[in-house]
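A.B. asks: work.cif is the file, holding mmCIF, C-alpha atoms:
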```
data_coords
loop_
_atom_site.label_atom_id
_atom_site.label_comp_id
_atom_site.auth_asym_id
_atom_site.auth_seq_id
_atom_site.Cartn_x
_atom_site.Cartn_y
_atom_site.Cartn_z
CA MET A 29 9.98 5.90 -13.13
CA SER A 30 13.04 8.08 -13.17
CA SER A 31 16.26 6.56 -14.44
CA ASP A 32 18.26 8.47 -11.81
CA LEU A 33 17.02 6.29 -8.94
CA PRO A 34 19.80 4.96 -6.72
CA ALA A 35 20.90 1.46 -7.70
CA ARG A 36 19.32 0.00 -4.56
CA PHE A 37 15.93 1.50 -5.45
CA ARG A 38 15.70 0.63 -9.15
CA THR A 39 12.22 -0.85 -8.67
CA GLN A 40 9.52 1.63 -7.70
CA VAL A 41 6.46 0.10 -6.06
CA VAL A 42 3.27 1.97 -5.17
CA GLY A 43 0.61 1.14 -2.60
CA VAL A 44 -2.57 2.56 -1.11
CA ALA A 45 -4.29 2.51 2.25
CA LEU A 46 -7.89 2.68 1.06
CA LEU A 47 -9.98 4.44 3.69
CA ASP A 48 -13.66 3.83 4.32
CA ASP A 49 -14.22 7.61 4.49
CA ALA A 50 -11.96 10.46 3.35
CA GLN A 51 -12.96 12.92 6.07
CA HIS A 52 -13.56 10.65 9.07
CA PRO A 53 -11.94 7.26 8.43
CA THR A 54 -12.73 4.41 10.79
CA ALA A 55 -11.01 1.62 8.81
CA PHE A 56 -8.60 0.93 5.97
CA LEU A 57 -8.37 -1.95 3.52
CA ALA A 58 -5.66 -4.58 3.91
CA ALA A 59 -5.01 -7.32 1.38
CA GLN A 60 -3.68 -10.82 2.11
CA ARG A 61 -1.01 -11.96 -0.35
CA ALA A 62 -1.56 -15.08 -2.41
CA TYR A 63 2.03 -15.32 -3.69
CA PRO A 64 5.00 -15.68 -3.69
CA GLN A 65 4.98 -18.61 -1.28
CA ASN A 66 7.25 -16.88 1.27
CA LEU A 67 4.72 -14.00 1.54
CA ARG A 68 1.53 -16.05 1.18
CA GLY A 69 -0.96 -15.23 3.91
CA LEU A 70 0.75 -12.01 4.99
CA TRP A 71 -1.08 -8.68 4.85
CA GLU A 72 -0.11 -5.71 2.70
CA PHE A 73 -1.29 -2.50 1.12
CA PRO A 74 -2.80 -3.07 -2.34
CA GLY A 75 -0.62 -1.83 -5.19
CA GLY A 76 2.20 -2.94 -7.43
CA LYS A 77 5.13 -1.96 -9.61
CA GLN A 78 5.32 1.34 -11.42
CA GLU A 79 6.06 0.89 -15.11
CA PRO A 80 8.64 3.00 -16.99
CA GLU A 81 7.18 6.29 -18.25
CA GLU A 82 4.21 5.92 -15.86
CA SER A 83 3.65 8.29 -12.93
CA ALA A 84 3.40 6.78 -9.47
CA GLU A 85 -0.19 7.96 -9.18
CA ALA A 86 -1.18 6.51 -12.55
CA ALA A 87 0.48 3.21 -11.62
CA LEU A 88 -1.50 3.05 -8.39
CA VAL A 89 -4.81 3.77 -10.11
CA ARG A 90 -4.00 1.06 -12.70
CA GLU A 91 -2.91 -1.48 -10.07
CA CYS A 92 -6.07 -0.96 -7.98
CA ALA A 93 -8.24 -1.43 -11.06
CA GLU A 94 -6.35 -4.63 -11.96
CA GLU A 95 -6.08 -6.12 -8.45
CA LEU A 96 -9.32 -5.02 -6.78
CA SER A 97 -11.58 -3.90 -9.64
CA VAL A 98 -11.94 -0.47 -8.04
CA ARG A 99 -11.53 3.11 -9.13
CA VAL A 100 -9.57 5.07 -6.55
CA GLU A 101 -9.25 8.69 -5.60
CA LEU A 102 -5.84 9.31 -4.08
CA LEU A 103 -5.59 11.61 -1.07
CA ASP A 104 -2.32 12.15 0.83
CA GLU A 105 1.02 10.44 0.46
CA ILE A 106 2.41 8.80 3.59
CA PRO A 107 5.92 10.26 3.45
CA GLY A 108 8.72 7.74 3.66
CA PRO A 109 12.35 8.22 4.64
CA HIS A 110 13.53 8.44 1.00
CA ALA A 111 12.37 10.31 -2.10
CA GLN A 112 11.27 6.89 -3.42
CA GLY A 113 9.30 6.21 -0.23
CA TRP A 114 9.77 3.23 2.03
CA PRO A 115 12.56 0.66 1.48
CA LEU A 116 11.27 -2.82 0.65
CA SER A 117 14.60 -4.40 -0.17
CA GLU A 118 18.06 -3.45 -1.34
CA ARG A 119 16.68 -2.56 -4.78
CA ALA A 120 13.01 -1.62 -4.27
CA ALA A 121 11.11 1.12 -2.47
CA MET A 122 7.39 1.83 -2.14
CA ARG A 123 5.47 5.08 -2.14
CA VAL A 124 2.13 4.83 -0.33
CA TRP A 125 -0.94 7.06 -0.41
CA THR A 126 -4.22 7.13 1.41
CA GLY A 127 -7.23 7.04 -0.85
CA THR A 128 -10.85 6.06 -1.24
CA ALA A 129 -12.53 3.63 -3.60
CA THR A 130 -15.66 4.40 -5.58
CA ASP A 131 -16.53 0.70 -5.81
CA ALA A 132 -16.52 -2.25 -3.41
CA PRO A 133 -13.16 -4.08 -3.63
CA VAL A 134 -13.15 -7.52 -5.25
CA VAL A 135 -10.62 -10.20 -4.30
CA GLY A 136 -8.54 -10.97 -7.39
CA ALA A 137 -5.84 -13.53 -8.14
CA ASP A 138 -3.13 -11.55 -6.30
CA HIS A 139 -4.82 -11.90 -2.91
CA LEU A 140 -6.41 -14.56 -0.73
CA ALA A 141 -8.65 -12.00 0.99
CA VAL A 142 -9.21 -8.32 1.63
CA ARG A 143 -10.59 -6.88 4.83
CA TRP A 144 -11.41 -3.58 6.43
CA VAL A 145 -9.12 -3.09 9.41
CA PRO A 146 -10.64 -0.88 12.13
CA LEU A 147 -8.54 2.09 13.19
CA SER A 148 -10.08 2.10 16.68
CA ASP A 149 -7.62 -0.56 17.94
CA PRO A 150 -4.07 0.20 16.74
CA ASP A 151 -2.65 -2.74 18.70
CA ALA A 152 -4.92 -5.14 16.79
CA VAL A 153 -3.89 -3.51 13.49
CA LEU A 154 -0.22 -3.96 14.35
CA ALA A 155 -0.83 -7.55 15.49
CA LEU A 156 -1.86 -8.66 11.99
CA PRO A 157 0.88 -10.65 10.24
CA TRP A 158 2.05 -7.85 7.91
CA ILE A 159 4.74 -8.19 5.29
CA PRO A 160 7.72 -7.01 7.36
CA ALA A 161 8.54 -4.13 5.00
CA ASP A 162 4.97 -2.82 5.30
CA LEU A 163 4.92 -2.66 9.10
CA PRO A 164 6.72 0.72 9.41
CA ILE A 165 4.25 2.12 6.86
CA VAL A 166 1.32 0.80 8.91
CA ARG A 167 2.73 2.60 11.96
CA ALA A 168 3.13 5.81 9.94
CA LEU A 169 -0.43 5.49 8.65
CA LEU A 170 -1.78 5.09 12.17
CA ASP A 171 0.22 8.14 13.31
CA GLN A 172 -1.01 10.19 10.34
CA LEU A 173 -4.66 9.28 10.88
CA THR A 174 -4.72 9.72 14.65
CA ARG A 175 -3.06 13.16 14.84
#
```
Translate the structure described by the file into structure tokens.
C.D. replies:
Amino acid sequence: MSSDLPARFRTQVVGVALLDDAQHPTAFLAAQRAYPQNLRGLWEFPGGKQEPEESAEAALVRECAEELSVRVELLDEIPGPHAQGWPLSERAAMRVWTGTATDAPVVGADHLAVRWVPLSDPDAVLALPWIPADLPIVRALLDQLTR
């Protein structure tokens, strides 16, 4: 993570929308948070914090291996409004990629559940109780995949 990040984006988070197929996706993987309590039960993109001296891509590969026991191949970044991606809070932003997994995802301690969300019904996708900061990213993902 670069030390020249604006003060409000000191924490760089990375996430992935794992697709069921790279060429013709019909669904993406959403994960239901186990903690903290105020986010428990809400849906998110799998991922986590980027460590110092680690690239965003390497952090995402590591986080997916730790959280879901999968190896991922990253595809395209979903561009956010800032160089650091999508604002999560006053001090954190998240960069998000699409990707595919070479293994079946396993629910780990970070999540209550994972599920494949069908892309055929965008209204149903948006109706899931997403972490509020992830909702604009979900909309951008749907726009990117339905162009």
A.B. asks: Name all residues at most 8 Å from stretch 87-104 of chain A (count only C-alpha atoms; drop same-chain ones fewer than 3 positions away) and give them as a CSV table (one decimal) with C-alpha atoms, keeping the file's coordinate frame.
C.D. replies:
```csv
chain,number,residue,atom,x,y,z
A,42,VAL,CA,3.3,2.0,-5.2
A,43,GLY,CA,0.6,1.1,-2.6
A,44,VAL,CA,-2.6,2.6,-1.1
A,50,ALA,CA,-12.0,10.5,3.4
A,74,PRO,CA,-2.8,-3.1,-2.3
A,75,GLY,CA,-0.6,-1.8,-5.2
A,76,GLY,CA,2.2,-2.9,-7.4
A,77,LYS,CA,5.1,-2.0,-9.6
A,78,GLN,CA,5.3,1.3,-11.4
A,79,GLU,CA,6.1,0.9,-15.1
A,82,GLU,CA,4.2,5.9,-15.9
A,83,SER,CA,3.6,8.3,-12.9
A,84,ALA,CA,3.4,6.8,-9.5
A,125,TRP,CA,-0.9,7.1,-0.4
A,126,THR,CA,-4.2,7.1,1.4
A,127,GLY,CA,-7.2,7.0,-0.8
A,128,THR,CA,-10.8,6.1,-1.2
A,129,ALA,CA,-12.5,3.6,-3.6
A,130,THR,CA,-15.7,4.4,-5.6
A,131,ASP,CA,-16.5,0.7,-5.8
A,132,ALA,CA,-16.5,-2.2,-3.4
A,133,PRO,CA,-13.2,-4.1,-3.6
A,134,VAL,CA,-13.2,-7.5,-5.2
A,135,VAL,CA,-10.6,-10.2,-4.3
A,136,GLY,CA,-8.5,-11.0,-7.4
A,137,ALA,CA,-5.8,-13.5,-8.1
A,138,ASP,CA,-3.1,-11.6,-6.3
```
A.B. asks: Find the spatial neighbours of A:Trp71, counting all atoms listed in the file, within a cut-off of 6 Å - ignore same-chain residues fewer than 2 positions away - and output them as a PyMOL selection string.
C.D. replies: chain A and resi 59-60+158-159
A.B. asks: Under the rule that only C-alpha atoms are counted, which of A:Leu47, A:Ala58, A:Ala155, A:Met122 is the nearest residue to A:Leu140?
C.D. replies: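 Going through A:Leu47, A:Ala58, A:Ala155, A:Met122 one by one, the smallest distance to A:Leu140 is for A:Ala58.
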A.B. asks: Please, what distance in Å, to one decimal, runs between atom CA of A:Pro53 and atom CA of A:Val153?
C.D. replies: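 Computing it gives 14.4 Å between the two atoms.
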A.B. asks: Separation of atom CA of A:Arg123 and atom CA of A:Gly108, in Å?
C.D. replies: 7.2 Å
A.B. asks: By how many Å are atom CA of A:Val41 and atom CA of A:Asp149 apart?
C.D. replies: 27.8 Å
